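What follows is a set of notes on a single structure, which appears directly below.
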Amino acid sequence: MHELQVTQSLLKIALDHAEKAHAKQITALNIVMGELSSMVDDSIQFYWETIAKDTIAEKAVLNFRRIPAELQCMTCFTKYHPTDKELICPQCGGVGAKIIAGEEFFLETIDIES
């Protein structure tokens, strides 16, 4: 359900920036989402279609760019991409890992028509 609040924030940011740029239409939002992010793009899309209605962002396309998960073993310091949610280090079998990438979620760019 936190996707609704996130989608509301995305819309507010997009509308604020579009207003400052004197945009007539918001055509796309480019969103970066890490593989380990708890966000669900289908839910964001669903909420977007509801809350953006009757705004200059109503027809905007949501583009999601995925960032793969990358971990670093805390035993041997090897960096690796986990497979099938398996967090064990492929180099040494260590189970402690630090997340290097994959938790991201942010609005990268907004495309507008002036």
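By convention here, the chains of the structure tokens are called A, B, ... in the order presented, each chain's residues are numbered starting at 1, and ligands are numbered starting at 1 in the order presented.
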Practice item. Per DSSP on the backbone, filter chain A down to the residues in helix (DSSP H, G or I) and report them as a ChimeraX atom specification. Key: /A:2-20,41-51
Review point. Got a sec to tell me which of chain A DSSP assigns to strand (DSSP E or B), as an MDAnalysis selection string?
Key: chainID A and resid 25:34 61:67 70:73 79:80 83 86 97:101 105:113
Practice item. Write out as a ChimeraX atom specification each polymer residue whose atoms come within 12 Å of stretch 92-97 of chain A, counting only C-alpha atoms; drop sequence neighbours fewer than 5 positions from it. Key: /A:69-82,86-87
Write out the residues from the selection above, keeping C-alpha atoms, as a CSV table (one decimal), in the first residue's frame.
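Saved file selection_1.csv follows:
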chain,number,residue,atom,x,y,z
A,69,ALA,CA,21.3,-6.2,-7.0
A,70,GLU,CA,25.0,-6.2,-6.2
A,71,LEU,CA,26.4,-7.5,-2.9
A,72,GLN,CA,29.8,-7.5,-1.2
A,73,CYS,CA,30.9,-10.4,0.9
A,74,MET,CA,31.9,-9.3,4.4
A,75,THR,CA,34.3,-12.2,4.7
A,76,CYS,CA,36.3,-12.1,1.5
A,77,PHE,CA,35.1,-8.7,0.1
A,78,THR,CA,34.1,-10.2,-3.3
A,79,LYS,CA,31.4,-8.3,-5.1
A,80,TYR,CA,28.7,-10.4,-6.7
A,81,HIS,CA,25.1,-10.4,-8.1
A,82,PRO,CA,22.9,-12.8,-6.0
A,86,GLU,CA,20.5,-16.5,-2.7
A,87,LEU,CA,22.8,-14.3,-0.6
Contacts of A:Glu3 at 12 Å (only C-alpha atoms; same-chain gap of 4+ positions) as a PDB file with C-alpha atoms, in the first residue's frame:
ATOM      1  CA  THR A   7       2.994   7.560  -6.481  1.00  0.00           C
ATOM      2  CA  GLN A   8       1.414  10.656  -4.940  1.00  0.00           C
ATOM      3  CA  SER A   9       4.913  11.983  -4.258  1.00  0.00           C
ATOM      4  CA  LEU A  10       5.991  11.260  -7.836  1.00  0.00           C
ATOM      5  CA  SER A  37      13.402  -2.306  -3.790  1.00  0.00           C
ATOM      6  CA  SER A  38      10.124  -3.083  -2.068  1.00  0.00           C
ATOM      7  CA  MET A  39       8.217  -1.089  -4.701  1.00  0.00           C
ATOM      8  CA  VAL A  40       5.995  -2.855  -7.236  1.00  0.00           C
ATOM      9  CA  ASP A  41       5.892  -1.135 -10.630  1.00  0.00           C
ATOM     10  CA  ASP A  42       2.452  -2.530 -11.529  1.00  0.00           C
ATOM     11  CA  SER A  43       1.008  -0.979  -8.363  1.00  0.00           C
ATOM     12  CA  ILE A  44       2.650   2.357  -9.087  1.00  0.00           C
ATOM     13  CA  GLN A  45       1.260   2.252 -12.630  1.00  0.00           C
ATOM     14  CA  PHE A  46      -2.215   1.420 -11.308  1.00  0.00           C
ATOM     15  CA  TYR A  47      -2.219   4.282  -8.809  1.00  0.00           C
ATOM     16  CA  TRP A  48      -0.735   6.670 -11.394  1.00  0.00           C
ATOM     17  CA  PHE A 105      14.085   4.011  -5.984  1.00  0.00           C
TER      18      PHE A 105
END
Check your understanding: Between A:Thr83, A:Thr109, A:Gln91, A:Thr27, which is the closest to A:Thr55 once you count only C-alpha atoms?
Key -> A:Thr27
